[in-house]
Number of protein chains: 2
Amino acid sequence: MSLLFARDLAADIQAGRTTPRAVMEQVAAAIADREGEVHAFAALDLDAAFEATGLEGLAARPLAGLPVGIKDILDTRDLPTAYGSPIYAGHRPRTDAPAVGMVRRAGGIVAGKTVTTEFAFLQPSATRNPRRLTHTPGGSSAGSAAAVAAGMLPVALGTQTAGSVIRPAAFCGVTGYKPTFRLLPTLGMKTFSWHLDTVGLFAARVRDAAFAAAAISGRDLDIGATLAERPRLAIVRTARAGAASPEAHAALETAARAAEAMGARIFDLDLPEELEAADAAQPTIQDFEAALAFADELDFDRAHLSPLFAAHLDAARAIPPDTYDLARRTAKRARQKLGDLFGEVDALLTFSAPGPAPEGFATTGSAMFNRLWTLLGCPAINVAGLNAADGMPVGVQVVGRFGRDRQALAVGNLVETAISR
Amino acid sequence: MSLLFARDLAADIQAGRTTPRAVMEQVAAAIADREGEVHAFAALDLDAAFEATGLEGLAARPLAGLPVGIKDILDTRDLPTAYGSPIYAGHRPRTDAPAVGMVRRAGGIVAGKTVTTEFAFLQPSATRNPRRLTHTPGGSSAGSAAAVAAGMLPVALGTQTAGSVIRPAAFCGVTGYKPTFRLLPTLGMKTFSWHLDTVGLFAARVRDAAFAAAAISGRDLDIGATLAERPRLAIVRTARAGAASPEAHAALETAARAAEAMGARIFDLDLPEELEAADAAQPTIQDFEAALAFADELDFDRAHLSPLFAAHLDAARAIPPDTYDLARRTAKRARQKLGDLFGEVDALLTFSAPGPAPEGFATTGSAMFNRLWTLLGCPAINVAGLNAADGMPVGVQVVGRFGRDRQALAVGNLVETAISR
């Protein structure tokens, strides 16, 4: 299982060392080899993808004709979009989600739709963890994480409302990057929670994610540049540290020491109470909005919802508007507090998940170490490279300042480089 | 032409003095009388609306069976939704926009879809101003404003991205209320700009708008309560004061003096430069996002866009991402500055529009006095009641603090009461 490195492949295409068609052949071969057991794709049209490699001027565009997977929670005009639900089986959206249009205009080829859990919630999907087929790949962006981890795609879009990018990236051992809130537009995504839904992406290494995000968004995310010589990195274990496994604690410690050896200034940070309060408020915001966003499905298609999701929406409907408004004010206070905090640190280093991927498929794992950062809107990166004793990946999470994605990615790259030495 | 007073009608139904069916008969009679010349409706199903009046328990719900118009930019599952564009003629959304679902759950009856300009942009619609049929009703929520002004509906939803609620309300002489950003969800609205699009509403008087918004949103917006005895009201003429007509200046002055006579403490306020900078930044945010939101329509259905909108989108596509990011930071600074300002004032009083409705249909008027408040997300109310010498209405605008909608509405009610004495 070898990963596809987006940045190197694009450079090779642009230098004439390979072609979009040759890359697509690699992808097709990997899919032929692995998809039968991994089940990463909800829809696939390799003929159309091969045809698209012939497009004039593709190599000159930023993504240079690289194949990109799109989580099946985002609308595509040329591939069915089912949002992981039988209610929308065969649904053909009229327009691309803007994020998908941005991929195409950047010279990416939409190779397929990747599996999402039902409406990006917690009901496990059919996707398997490529690192060990007996384990969950996490959720909800299960197919995107698994496709990149299985070497079937160099880049895939996912989305995160609580922990749906960082968690599956950690479980599958690839880079997951949740940008600053709204760096990539969420329009054309099946909405779960409009104050939380965030489009992110998966790639092999941090530099590949930075490269792809820069190409798609048109932003300067050059991580070679301007990182403080000795970045200040705060280790944040949170009030939920007791729920993190020994493997997760060991990975965090290893990453911190490795970064320190490369010059980072490391210190421990207890989260201020405003941030812990916001962590507790995230489900209120998520669920109040979900009850509105899925009102029609609950009222008219209840029989086609998983019992898990239907029951969750029933409970969500009971959240009073005032409780929701209070939760939003709590989040606002926490954002201000976090802004102050980032005057003293360059990035936070914390758990990506409570531990490696759980065995079996009863659960997609927990978002307890992700939901706060989604709520606060700041960039977060799962850095891969460390493994538990049994060989399963354990990620660590770098969290940056709102709007300072380049710096967050640069720190992520530093941590990744440090732990691979 | 007599307006329908939502608050009184609901109270009458709940007290047994009238019934939802009798109100619907009033509405049907007004529509039969005026719709032929006003053209406020894009779709109408009075049979279904009459049938809905028979629903069990309707009178006990907050809206008590009142008919509500829905701007045809919001999805409805039982009425076609064309977004004012031939591209979507006959389009039948699968689900209600959550705001529409909230209307129904509050006991409102969706009586029809009201005319929007093409995709809520500036191309004039077929709707006429009920106060004078030779004049524009404004835009983009033309049908909602006109239907309420013509006495055809007691309540109608509209949306505002720059000035599309306040401006038509001012031109048609009714209350327009743009709540705090996201008090009502925008999901299921044809997106123009996700950082600006705001669902608002139209009603006869401020107390009717407050009543309807409270019923739909489940928030306490009781304007009878807790207004400071002598509210501090800042008159804001802005750097664009020179573009306001003598009628607009006179209306602002009249409203200020009337409020003062009722005890308000009035003073002049020059907008800090951070706010003027944000005013100038609003089009950058609006248009950058519109270029993404309408990418598919521009690429695949250009022939069915108005030349005005197509040319606007072409220009919008050229806005660099960095310019957009800078505009967002400008807006963020202005929000902080405005928050500080509201420590010293209870509400702002400013122009709703540069003057009364322009004659003819070449333009829907200007949003120059609205776009800043949409960008900053704070509640804004068009207060009706004043007229120019020729009898056409001239509105004044009350702007409140973010999230303090009840106070903004209470001040609006005070100004409305003051100018009617």
# chains A, B, ... in the order shown; residues from 1 in each chain; ligands from 1
call {"tool": "residues_around", "arguments": {"residues": "Lys113 of chain B", "least_positions_apart": "6", "cutoff": "9 Å", "atoms": "only C-alpha atoms", "output": "ChimeraX atom specification"}}
result
/B:40-44,69-74,76,79-81,143-144
call {"tool": "interface_residues", "arguments": {"of": "chain B", "to": "chain A", "cutoff": "6 Å", "atoms": "only C-alpha atoms", "output": "ChimeraX atom specification"}}
result
/B:95,98,292,296
call {"tool": "residues_around", "arguments": {"residues": "Pro231 of chain B", "least_positions_apart": "5", "cutoff": "10 Å", "atoms": "only C-alpha atoms", "output": "number ranges by chain"}}
result
B: 259-260, 262-266, 345-347, 407, 410-411, 414
call {"tool": "write_last_selection", "arguments": {"atoms": "C-alpha atoms", "output": "PDB file, in the first residue's frame"}}
result
ATOM      1  CA  ALA B 259     -38.863  60.294  19.331  1.00  0.00           C
ATOM      2  CA  GLU B 260     -37.279  63.064  21.362  1.00  0.00           C
ATOM      3  CA  MET B 262     -41.481  60.900  23.619  1.00  0.00           C
ATOM      4  CA  GLY B 263     -38.394  60.981  25.817  1.00  0.00           C
ATOM      5  CA  ALA B 264     -35.637  59.530  23.676  1.00  0.00           C
ATOM      6  CA  ARG B 265     -32.222  61.112  24.108  1.00  0.00           C
ATOM      7  CA  ILE B 266     -31.120  62.101  20.608  1.00  0.00           C
ATOM      8  CA  VAL B 345     -26.205  54.052  22.509  1.00  0.00           C
ATOM      9  CA  ASP B 346     -29.331  51.907  22.523  1.00  0.00           C
ATOM     10  CA  ALA B 347     -30.062  52.167  18.816  1.00  0.00           C
ATOM     11  CA  GLN B 407     -34.592  46.141  22.060  1.00  0.00           C
ATOM     12  CA  ALA B 410     -38.934  48.216  20.943  1.00  0.00           C
ATOM     13  CA  VAL B 411     -37.108  51.316  19.717  1.00  0.00           C
ATOM     14  CA  LEU B 414     -41.324  53.846  19.873  1.00  0.00           C
TER      15      LEU B 414
END
call {"tool": "residues_around", "arguments": {"residues": "Thr364 of chain B", "least_positions_apart": "2", "cutoff": "6 Å", "atoms": "only C-alpha atoms", "output": "mmCIF file with N, CA, C and O atoms, in the first residue's frame"}}
result
data_model
loop_
_atom_site.group_PDB
_atom_site.id
_atom_site.type_symbol
_atom_site.label_atom_id
_atom_site.label_comp_id
_atom_site.auth_asym_id
_atom_site.auth_seq_id
_atom_site.Cartn_x
_atom_site.Cartn_y
_atom_site.Cartn_z
ATOM 1 N N PRO B 124 -35.049 44.563 -12.329
ATOM 2 C CA PRO B 124 -36.415 44.795 -11.821
ATOM 3 C C PRO B 124 -37.389 43.663 -12.179
ATOM 4 O O PRO B 124 -37.253 43.030 -13.222
ATOM 5 N N GLY B 138 -39.352 48.559 -5.227
ATOM 6 C CA GLY B 138 -38.032 48.207 -4.704
ATOM 7 C C GLY B 138 -37.750 46.735 -4.941
ATOM 8 O O GLY B 138 -38.541 46.024 -5.567
ATOM 9 N N GLY B 139 -36.620 46.305 -4.451
ATOM 10 C CA GLY B 139 -36.233 44.909 -4.615
ATOM 11 C C GLY B 139 -35.241 44.555 -3.534
ATOM 12 O O GLY B 139 -34.853 45.405 -2.743
#
call {"tool": "residues_around", "arguments": {"residues": "Ala255 of chain B", "least_positions_apart": "2", "cutoff": "9 Å", "atoms": "only C-alpha atoms", "output": "VMD selection string"}}
result
chain B and resid 250 to 253 257 to 260 349 386 396 415 to 416 418 to 419
call {"tool": "residues_around", "arguments": {"residues": "Arg131 of chain A", "least_positions_apart": "5", "cutoff": "10 Å", "atoms": "only C-alpha atoms", "output": "PDB file with N, CA and C atoms, in the first residue's frame"}}
result
ATOM      1  N   MET A   1       0.846  -1.195   0.000  1.00  0.00           N
ATOM      2  CA  MET A   1       0.000   0.000   0.000  1.00  0.00           C
ATOM      3  C   MET A   1       0.881   1.245   0.000  1.00  0.00           C
ATOM      4  N   VAL A  38     -12.115  -2.363   0.431  1.00  0.00           N
ATOM      5  CA  VAL A  38     -12.158  -1.126   1.231  1.00  0.00           C
ATOM      6  C   VAL A  38     -13.521  -0.429   1.140  1.00  0.00           C
ATOM      7  N   THR A 136     -12.740   0.061  11.950  1.00  0.00           N
ATOM      8  CA  THR A 136     -13.445   1.198  11.356  1.00  0.00           C
ATOM      9  C   THR A 136     -12.439   2.189  10.776  1.00  0.00           C
ATOM     10  N   PRO A 137     -12.809   2.833   9.655  1.00  0.00           N
ATOM     11  CA  PRO A 137     -11.986   3.936   9.154  1.00  0.00           C
ATOM     12  C   PRO A 137     -12.329   5.245   9.868  1.00  0.00           C
ATOM     13  N   ALA A 146     -10.207   6.725   3.631  1.00  0.00           N
ATOM     14  CA  ALA A 146      -9.791   5.378   3.231  1.00  0.00           C
ATOM     15  C   ALA A 146      -9.197   5.373   1.823  1.00  0.00           C
ATOM     16  N   ALA A 149      -5.737   6.698   2.093  1.00  0.00           N
ATOM     17  CA  ALA A 149      -4.888   5.751   2.842  1.00  0.00           C
ATOM     18  C   ALA A 149      -4.577   4.493   2.040  1.00  0.00           C
ATOM     19  N   ALA A 150      -5.506   4.108   1.155  1.00  0.00           N
ATOM     20  CA  ALA A 150      -5.289   2.904   0.346  1.00  0.00           C
ATOM     21  C   ALA A 150      -4.499   3.202  -0.926  1.00  0.00           C
ATOM     22  N   PHE A 171      -7.433   7.721  12.133  1.00  0.00           N
ATOM     23  CA  PHE A 171      -7.628   6.259  12.148  1.00  0.00           C
ATOM     24  C   PHE A 171      -6.987   5.582  10.940  1.00  0.00           C
ATOM     25  N   CYS A 172      -6.959   6.282   9.811  1.00  0.00           N
ATOM     26  CA  CYS A 172      -6.428   5.674   8.585  1.00  0.00           C
ATOM     27  C   CYS A 172      -4.962   6.027   8.333  1.00  0.00           C
ATOM     28  N   GLY A 173      -4.401   6.935   9.158  1.00  0.00           N
ATOM     29  CA  GLY A 173      -2.970   7.252   9.020  1.00  0.00           C
ATOM     30  C   GLY A 173      -2.638   8.143   7.840  1.00  0.00           C
ATOM     31  N   ALA A 357      -7.958   3.548  15.773  1.00  0.00           N
ATOM     32  CA  ALA A 357      -9.284   3.130  15.314  1.00  0.00           C
ATOM     33  C   ALA A 357      -9.806   1.968  16.148  1.00  0.00           C
ATOM     34  N   GLY A 391       0.591  -1.608  15.370  1.00  0.00           N
ATOM     35  CA  GLY A 391       0.782  -1.124  14.008  1.00  0.00           C
ATOM     36  C   GLY A 391      -0.302  -0.202  13.500  1.00  0.00           C
ATOM     37  N   MET A 392      -1.369  -0.026  14.258  1.00  0.00           N
ATOM     38  CA  MET A 392      -2.426   0.878  13.794  1.00  0.00           C
ATOM     39  C   MET A 392      -2.020   2.332  14.061  1.00  0.00           C
ATOM     40  N   PRO A 393      -2.372   3.225  13.116  1.00  0.00           N
ATOM     41  CA  PRO A 393      -1.935   4.623  13.258  1.00  0.00           C
ATOM     42  C   PRO A 393      -2.578   5.350  14.431  1.00  0.00           C
TER      43      PRO A 393
END
call {"tool": "select_by_dssp", "arguments": {"residues": "segment 48-295 of chain B", "states": "strand (DSSP E)", "output": "MDAnalysis selection string"}}
result
chainID B and resid 67:71 109:114 155:160 175:178 198:203 232:235 265:268
call {"tool": "atom_distance", "arguments": {"atom1": "atom CA of Gly151 of chain A", "atom2": "atom CA of Ser2 of chain A"}}
result
5.6 Å
call {"tool": "residues_around", "arguments": {"residues": "His135 of chain B", "least_positions_apart": "4", "cutoff": "9 Å", "atoms": "only C-alpha atoms", "output": "number ranges by chain"}}
result
B: 128-131, 171, 357-361
call {"tool": "write_last_selection", "arguments": {"atoms": "N, CA, C and O atoms", "output": "tab-separated table (two decimals), in the first residue's frame"}}
result
chain	number	residue	atom	x	y	z
B	128	ARG	N	-45.47	45.80	-9.03
B	128	ARG	CA	-45.71	47.25	-8.99
B	128	ARG	C	-45.90	47.70	-7.54
B	128	ARG	O	-46.31	46.91	-6.69
B	129	ASN	N	-45.64	48.97	-7.32
B	129	ASN	CA	-45.79	49.52	-5.97
B	129	ASN	C	-47.27	49.78	-5.69
B	129	ASN	O	-47.89	50.61	-6.37
B	130	PRO	N	-47.85	49.12	-4.70
B	130	PRO	CA	-49.29	49.29	-4.45
B	130	PRO	C	-49.66	50.72	-4.09
B	130	PRO	O	-50.81	51.13	-4.27
B	131	ARG	N	-48.71	51.47	-3.57
B	131	ARG	CA	-49.00	52.86	-3.23
B	131	ARG	C	-49.15	53.73	-4.46
B	131	ARG	O	-49.79	54.78	-4.42
B	171	PHE	N	-40.12	51.71	0.45
B	171	PHE	CA	-40.78	52.19	-0.77
B	171	PHE	C	-42.29	51.91	-0.74
B	171	PHE	O	-43.08	52.67	-1.31
B	357	ALA	N	-39.67	55.78	-3.31
B	357	ALA	CA	-39.51	54.89	-4.46
B	357	ALA	C	-39.31	55.70	-5.73
B	357	ALA	O	-40.07	56.63	-6.00
B	358	PRO	N	-38.30	55.36	-6.53
B	358	PRO	CA	-38.15	56.03	-7.83
B	358	PRO	C	-39.36	55.73	-8.72
B	358	PRO	O	-39.96	54.66	-8.64
B	359	GLU	N	-39.70	56.68	-9.57
B	359	GLU	CA	-40.77	56.45	-10.53
B	359	GLU	C	-40.25	55.56	-11.66
B	359	GLU	O	-39.08	55.60	-12.01
B	360	GLY	N	-41.15	54.73	-12.21
B	360	GLY	CA	-40.76	53.84	-13.31
B	360	GLY	C	-40.13	52.56	-12.81
B	360	GLY	O	-40.12	52.29	-11.60
B	361	PHE	N	-39.60	51.79	-13.76
B	361	PHE	CA	-39.14	50.45	-13.42
B	361	PHE	C	-37.75	50.16	-13.97
B	361	PHE	O	-37.38	49.02	-14.18
call {"tool": "select_by_dssp", "arguments": {"residues": "segment 166-400 of chain A", "states": "alpha helix (DSSP H)", "output": "ChimeraX atom specification"}}
result
/A:166-172,206-217,246-261,273-293,295-300,307-317,321-341,371-376
call {"tool": "atom_distance", "arguments": {"atom1": "atom CA of Phe5 of chain A", "atom2": "atom CA of Ala203 of chain A"}}
result
7.4 Å
call {"tool": "atom_distance", "arguments": {"atom1": "atom CA of Ala256 of chain A", "atom2": "atom CA of Gly412 of chain A"}}
result
11.6 Å
call {"tool": "decode", "arguments": {"residues": "segment 231-271 of chain B", "atoms": "C-alpha atoms", "output": "PDB file, in the first residue's frame"}}
result
ATOM      1  CA  PRO B 231     -33.414  55.313  25.171  1.00  0.00           C
ATOM      2  CA  ARG B 232     -30.271  56.816  23.666  1.00  0.00           C
ATOM      3  CA  LEU B 233     -30.841  57.160  19.950  1.00  0.00           C
ATOM      4  CA  ALA B 234     -27.941  58.169  17.704  1.00  0.00           C
ATOM      5  CA  ILE B 235     -28.731  59.835  14.377  1.00  0.00           C
ATOM      6  CA  VAL B 236     -26.367  58.418  11.779  1.00  0.00           C
ATOM      7  CA  ARG B 237     -26.297  60.161   8.409  1.00  0.00           C
ATOM      8  CA  THR B 238     -23.113  58.405   7.177  1.00  0.00           C
ATOM      9  CA  ALA B 239     -20.557  59.579   4.616  1.00  0.00           C
ATOM     10  CA  ARG B 240     -23.262  59.045   1.982  1.00  0.00           C
ATOM     11  CA  ALA B 241     -25.601  61.676   3.440  1.00  0.00           C
ATOM     12  CA  GLY B 242     -25.184  63.789   0.302  1.00  0.00           C
ATOM     13  CA  ALA B 243     -26.891  61.052  -1.721  1.00  0.00           C
ATOM     14  CA  ALA B 244     -30.009  61.167   0.450  1.00  0.00           C
ATOM     15  CA  SER B 245     -32.840  63.278  -0.950  1.00  0.00           C
ATOM     16  CA  PRO B 246     -34.365  66.232   0.910  1.00  0.00           C
ATOM     17  CA  GLU B 247     -37.377  63.990   1.646  1.00  0.00           C
ATOM     18  CA  ALA B 248     -35.128  61.397   3.294  1.00  0.00           C
ATOM     19  CA  HIS B 249     -33.363  64.045   5.376  1.00  0.00           C
ATOM     20  CA  ALA B 250     -36.707  65.549   6.383  1.00  0.00           C
ATOM     21  CA  ALA B 251     -38.094  62.162   7.403  1.00  0.00           C
ATOM     22  CA  LEU B 252     -35.040  61.386   9.514  1.00  0.00           C
ATOM     23  CA  GLU B 253     -35.276  64.765  11.220  1.00  0.00           C
ATOM     24  CA  THR B 254     -39.035  64.400  11.805  1.00  0.00           C
ATOM     25  CA  ALA B 255     -38.615  60.929  13.267  1.00  0.00           C
ATOM     26  CA  ALA B 256     -35.788  62.084  15.545  1.00  0.00           C
ATOM     27  CA  ARG B 257     -37.790  65.028  16.882  1.00  0.00           C
ATOM     28  CA  ALA B 258     -40.875  62.884  17.413  1.00  0.00           C
ATOM     29  CA  ALA B 259     -38.863  60.294  19.331  1.00  0.00           C
ATOM     30  CA  GLU B 260     -37.279  63.064  21.362  1.00  0.00           C
ATOM     31  CA  ALA B 261     -40.720  64.359  22.236  1.00  0.00           C
ATOM     32  CA  MET B 262     -41.481  60.900  23.619  1.00  0.00           C
ATOM     33  CA  GLY B 263     -38.394  60.981  25.817  1.00  0.00           C
ATOM     34  CA  ALA B 264     -35.637  59.530  23.676  1.00  0.00           C
ATOM     35  CA  ARG B 265     -32.222  61.112  24.108  1.00  0.00           C
ATOM     36  CA  ILE B 266     -31.120  62.101  20.608  1.00  0.00           C
ATOM     37  CA  PHE B 267     -27.618  62.908  19.419  1.00  0.00           C
ATOM     38  CA  ASP B 268     -25.673  62.909  16.172  1.00  0.00           C
ATOM     39  CA  LEU B 269     -23.054  60.271  15.513  1.00  0.00           C
ATOM     40  CA  ASP B 270     -20.402  60.195  12.822  1.00  0.00           C
ATOM     41  CA  LEU B 271     -19.555  56.646  11.892  1.00  0.00           C
TER      42      LEU B 271
END
